[in-house]
Structures are given as structure tokens and as C-alpha cells.
Amino acid sequence: MLRRTGTFGISLVLVASLGGSMSHASQRIRYSGETSAGRRVAINVVKRDSGRWFLKNFKVSVQVACEDGTTDNFGLGTKLTNEHVRVDGGRPFEYESTSTPLAFRHSFERFDGTLGWRTGSGTFEFNIGGLTDDGQEAQLCASGDLTWTVERQPTPPRS
């Protein structure tokens, strides 16, 4: 019986050590900053063991101006599931999406720029279609071309 317990204990140590090394297969890199309109921007990047960086997600707070003179505020968060937007080495990147995310309102967003070791910058645009306040006419609400700048944030220790 002692022999099995010893083997089981060694197996647990081996699994724990392999599991720990597997959890470090990628590093998260965080950036935060502001748009030219003074709104928040947050970017998360994944650094793979190969050294390549990929855009994981980004969040932008934005205000749009509508054709009827009204404004609307959005907190947009985009998560990229297939990591196809490579951002390492000062490589310029671009992400565009046309979708129907909010109450069947069609929208367009463009997020582009470059990320370096410590800082990054680029542009952002968000357009969304909708109805006027009286519900009688279609209108476009747009952020216009905004610039953004970010700084790399300390990586929290893994627990």
C-alpha cells in the first residue's frame, strides 16, 4: 500500500509541475490610456512562447454625435477569439467590424495603430445607425476619427 501512495504522490507532483508550466504558455500584456476625446482605452495582448504578440481584446469608451443633434455614450468591448491580429515588433495593425450588437442597430468600428514595448498609439472610429428621438427617421451617429495613446501597465503576479 505504501508503494501505491508514493507513486500517487509522485504523480501529483509531476502533474502539478506540468500544469504550472502549461499555465505559463502565454503572457498577458496590458495597456491603458485615453482617446483624443479624453475617454478611456484598454488593450490586452497575449505574448506566445514564440515571442509573437496578438491582440486579445480592447475596450473603448466613446461618445457619438447623431445627425439630429443628440449624443449617446457607449462602452465598447471587443474580444478577439481567434488571435489573428498580430501586434508585435511595432507592426501596424487594423481591426474592423460591422455588426448588430445593440438592439438590432447596425454598427461599424475600426481600431488600428501600433504597440511598442512601452507605449502605443492609433485611431478609432465608431458609427451606429438608429432612429431619431421621435422614431420617424433613420440617422447616423458617429464618433468621428479619434486618436488614442496607451502606456503599458505592470503585469500582476500570477497566483
# chains A, B, ... in the order shown; residues from 1 in each chain; ligands from 1
call {"tool": "closest_atom_pairs", "arguments": {"of": "region 124-143 of chain A", "to": "region 29-39 of chain A", "cutoff": "12 Å", "atoms": "only C-alpha atoms", "output": "JSON lines"}}
result
{"residue": "A:Phe124", "atom": "CA", "partner": "A:Thr35", "partner_atom": "CA", "distance": 8.2}
{"residue": "A:Glu125", "atom": "CA", "partner": "A:Thr35", "partner_atom": "CA", "distance": 10.6}
{"residue": "A:Ser143", "atom": "CA", "partner": "A:Ala37", "partner_atom": "CA", "distance": 9.5}
call {"tool": "write_last_selection", "arguments": {"atoms": "C-alpha atoms", "output": "PDB file, in the first residue's frame"}}
result
ATOM      1  CA  PHE A 124     -10.551  54.598 -33.514  1.00  0.00           C
ATOM      2  CA  GLU A 125     -13.884  55.191 -35.213  1.00  0.00           C
ATOM      3  CA  SER A 143     -17.641  59.289 -33.135  1.00  0.00           C
TER       4      SER A 143
END
call {"tool": "select_by_dssp", "arguments": {"residues": "region 63-113 of chain A", "states": "strand (DSSP E)", "output": "VMD selection string"}}
result
chain A and resid 63 to 66 71 to 79 93 to 102 105 to 113
call {"tool": "write_last_selection", "arguments": {"atoms": "C-alpha atoms", "output": "PDB file, in the first residue's frame"}}
result
ATOM      1  CA  GLN A  63     -19.433  59.380 -27.332  1.00  0.00           C
ATOM      2  CA  VAL A  64     -21.186  59.621 -30.694  1.00  0.00           C
ATOM      3  CA  ALA A  65     -22.922  62.664 -32.162  1.00  0.00           C
ATOM      4  CA  CYS A  66     -26.122  61.991 -34.094  1.00  0.00           C
ATOM      5  CA  THR A  71     -25.398  62.382 -28.369  1.00  0.00           C
ATOM      6  CA  ASP A  72     -25.050  58.889 -26.977  1.00  0.00           C
ATOM      7  CA  ASN A  73     -22.330  57.195 -24.903  1.00  0.00           C
ATOM      8  CA  PHE A  74     -21.020  53.666 -25.382  1.00  0.00           C
ATOM      9  CA  GLY A  75     -18.586  51.467 -23.530  1.00  0.00           C
ATOM     10  CA  LEU A  76     -17.407  49.108 -26.252  1.00  0.00           C
ATOM     11  CA  GLY A  77     -15.542  45.901 -25.574  1.00  0.00           C
ATOM     12  CA  THR A  78     -14.273  43.659 -28.335  1.00  0.00           C
ATOM     13  CA  LYS A  79     -12.791  40.227 -27.655  1.00  0.00           C
ATOM     14  CA  PHE A  93      -2.485  46.500 -37.062  1.00  0.00           C
ATOM     15  CA  GLU A  94      -6.084  47.076 -38.063  1.00  0.00           C
ATOM     16  CA  TYR A  95      -9.329  45.600 -36.816  1.00  0.00           C
ATOM     17  CA  GLU A  96     -12.677  46.375 -38.464  1.00  0.00           C
ATOM     18  CA  SER A  97     -16.107  45.014 -37.664  1.00  0.00           C
ATOM     19  CA  THR A  98     -19.607  45.600 -38.950  1.00  0.00           C
ATOM     20  CA  SER A  99     -22.216  44.085 -36.688  1.00  0.00           C
ATOM     21  CA  THR A 100     -25.599  44.312 -34.993  1.00  0.00           C
ATOM     22  CA  PRO A 101     -24.636  44.361 -31.293  1.00  0.00           C
ATOM     23  CA  LEU A 102     -27.110  46.730 -29.671  1.00  0.00           C
ATOM     24  CA  ARG A 105     -28.777  48.720 -34.507  1.00  0.00           C
ATOM     25  CA  HIS A 106     -26.133  48.244 -37.187  1.00  0.00           C
ATOM     26  CA  SER A 107     -22.687  49.474 -36.232  1.00  0.00           C
ATOM     27  CA  PHE A 108     -19.177  49.803 -37.624  1.00  0.00           C
ATOM     28  CA  GLU A 109     -15.954  50.036 -35.650  1.00  0.00           C
ATOM     29  CA  ARG A 110     -12.366  50.454 -36.778  1.00  0.00           C
ATOM     30  CA  PHE A 111      -9.439  50.171 -34.365  1.00  0.00           C
ATOM     31  CA  ASP A 112      -5.894  50.484 -35.669  1.00  0.00           C
ATOM     32  CA  GLY A 113      -2.416  51.526 -34.618  1.00  0.00           C
TER      33      GLY A 113
END
call {"tool": "select_by_dssp", "arguments": {"residues": "region 7-135 of chain A", "states": "alpha helix (DSSP H)", "output": "compact mmCIF listing (two decimals) with C-alpha atoms, in the first residue's frame"}}
result
# COMPACT_ATOMS: atom_id res chain seq x y z
CA THR A 7 3.63 6.58 -6.77
CA PHE A 8 0.39 8.54 -6.46
CA GLY A 9 2.25 11.33 -4.58
CA ILE A 10 4.96 11.50 -7.28
CA SER A 11 2.25 11.58 -9.96
CA LEU A 12 0.55 14.52 -8.24
CA VAL A 13 3.84 16.44 -8.05
CA LEU A 14 4.53 15.72 -11.73
CA VAL A 15 1.02 16.79 -12.81
CA ALA A 16 1.22 19.94 -10.67
CA SER A 17 4.60 20.90 -12.14
CA LEU A 18 3.47 20.22 -15.71
CA GLY A 19 0.22 22.09 -15.11
CA GLY A 20 2.15 25.04 -13.74
CA SER A 21 4.42 25.20 -16.76
CA MET A 22 1.47 24.87 -19.12
CA SER A 23 -0.28 27.82 -17.46
call {"tool": "atom_distance", "arguments": {"atom1": "CA of Thr119 (chain A)", "atom2": "CA of Gln153 (chain A)"}}
result
9.6 Å
call {"tool": "atom_distance", "arguments": {"atom1": "CA of Leu115 (chain A)", "atom2": "CA of Ala142 (chain A)"}}
result
25.3 Å
call {"tool": "atom_distance", "arguments": {"atom1": "CA of Arg52 (chain A)", "atom2": "CA of Asp145 (chain A)"}}
result
28.8 Å
call {"tool": "residues_around", "arguments": {"residues": "region 46-51 of chain A", "least_positions_apart": "5", "cutoff": "8 Å", "atoms": "only C-alpha atoms", "output": "list of chain:residue names"}}
result
A:Ala25, A:Ser26, A:Gln27, A:Arg28, A:Ile29, A:Lys56
call {"tool": "decode", "arguments": {"residues": "region 78-110 of chain A", "atoms": "N, CA and C atoms", "output": "compact mmCIF listing (two decimals), in the first residue's frame"}}
result
# COMPACT_ATOMS: atom_id res chain seq x y z
N THR A 78 -14.39 44.63 -27.26
CA THR A 78 -14.27 43.66 -28.34
C THR A 78 -13.25 42.61 -27.94
N LYS A 79 -13.67 41.35 -27.97
CA LYS A 79 -12.79 40.23 -27.66
C LYS A 79 -12.53 39.44 -28.92
N LEU A 80 -11.28 39.27 -29.27
CA LEU A 80 -10.91 38.52 -30.47
C LEU A 80 -10.64 37.08 -30.05
N THR A 81 -11.39 36.17 -30.60
CA THR A 81 -11.29 34.78 -30.18
C THR A 81 -10.26 33.98 -30.99
N ASN A 82 -9.92 34.42 -32.17
CA ASN A 82 -9.01 33.60 -32.98
C ASN A 82 -7.62 34.20 -33.14
N GLU A 83 -7.29 35.21 -32.39
CA GLU A 83 -5.94 35.78 -32.33
C GLU A 83 -5.26 35.87 -33.69
N HIS A 84 -5.89 36.53 -34.62
CA HIS A 84 -5.28 36.68 -35.93
C HIS A 84 -4.68 38.07 -36.15
N VAL A 85 -4.86 38.98 -35.18
CA VAL A 85 -4.33 40.34 -35.32
C VAL A 85 -3.00 40.40 -34.57
N ARG A 86 -1.91 40.29 -35.33
CA ARG A 86 -0.57 40.29 -34.74
C ARG A 86 -0.12 41.73 -34.53
N VAL A 87 0.46 42.01 -33.35
CA VAL A 87 0.79 43.40 -33.00
C VAL A 87 2.22 43.60 -32.53
N ASP A 88 3.09 42.60 -32.65
CA ASP A 88 4.45 42.74 -32.12
C ASP A 88 5.38 43.46 -33.08
N GLY A 89 6.51 43.89 -32.53
CA GLY A 89 7.56 44.49 -33.33
C GLY A 89 7.19 45.82 -33.97
N GLY A 90 6.28 46.58 -33.36
CA GLY A 90 5.87 47.85 -33.94
C GLY A 90 5.07 47.67 -35.23
N ARG A 91 4.59 46.47 -35.45
CA ARG A 91 3.84 46.13 -36.65
C ARG A 91 2.49 46.86 -36.61
N PRO A 92 2.15 47.62 -37.65
CA PRO A 92 0.83 48.26 -37.69
C PRO A 92 -0.27 47.19 -37.75
N PHE A 93 -1.37 47.44 -37.04
CA PHE A 93 -2.49 46.50 -37.06
C PHE A 93 -3.78 47.25 -37.35
N GLU A 94 -4.76 46.51 -37.81
CA GLU A 94 -6.08 47.08 -38.06
C GLU A 94 -7.14 46.03 -37.78
N TYR A 95 -8.18 46.45 -37.08
CA TYR A 95 -9.33 45.60 -36.82
C TYR A 95 -10.57 46.37 -37.23
N GLU A 96 -11.41 45.77 -38.06
CA GLU A 96 -12.68 46.37 -38.46
C GLU A 96 -13.79 45.37 -38.25
N SER A 97 -14.96 45.88 -37.87
CA SER A 97 -16.11 45.01 -37.66
C SER A 97 -17.38 45.77 -37.99
N THR A 98 -18.25 45.10 -38.71
CA THR A 98 -19.61 45.60 -38.95
C THR A 98 -20.53 44.58 -38.31
N SER A 99 -21.39 45.04 -37.41
CA SER A 99 -22.22 44.09 -36.69
C SER A 99 -23.54 44.69 -36.26
N THR A 100 -24.31 43.90 -35.52
CA THR A 100 -25.60 44.31 -34.99
C THR A 100 -25.60 44.02 -33.49
N PRO A 101 -24.77 44.74 -32.69
CA PRO A 101 -24.64 44.36 -31.29
C PRO A 101 -25.70 44.92 -30.35
N LEU A 102 -26.26 46.05 -30.64
CA LEU A 102 -27.11 46.73 -29.67
C LEU A 102 -28.52 46.91 -30.20
N ALA A 103 -29.45 46.18 -29.69
CA ALA A 103 -30.87 46.33 -30.02
C ALA A 103 -31.10 46.41 -31.53
N PHE A 104 -30.43 45.55 -32.26
CA PHE A 104 -30.57 45.46 -33.72
C PHE A 104 -30.19 46.75 -34.44
N ARG A 105 -29.31 47.52 -33.85
CA ARG A 105 -28.78 48.72 -34.51
C ARG A 105 -27.47 48.33 -35.19
N HIS A 106 -27.35 48.59 -36.45
CA HIS A 106 -26.13 48.24 -37.19
C HIS A 106 -25.02 49.21 -36.79
N SER A 107 -23.82 48.64 -36.64
CA SER A 107 -22.69 49.47 -36.23
C SER A 107 -21.43 49.09 -37.02
N PHE A 108 -20.48 50.01 -37.00
CA PHE A 108 -19.18 49.80 -37.62
C PHE A 108 -18.13 50.33 -36.65
N GLU A 109 -17.07 49.54 -36.45
CA GLU A 109 -15.95 50.04 -35.65
C GLU A 109 -14.65 49.71 -36.35
N ARG A 110 -13.72 50.64 -36.24
CA ARG A 110 -12.37 50.45 -36.78
C ARG A 110 -11.40 50.84 -35.68
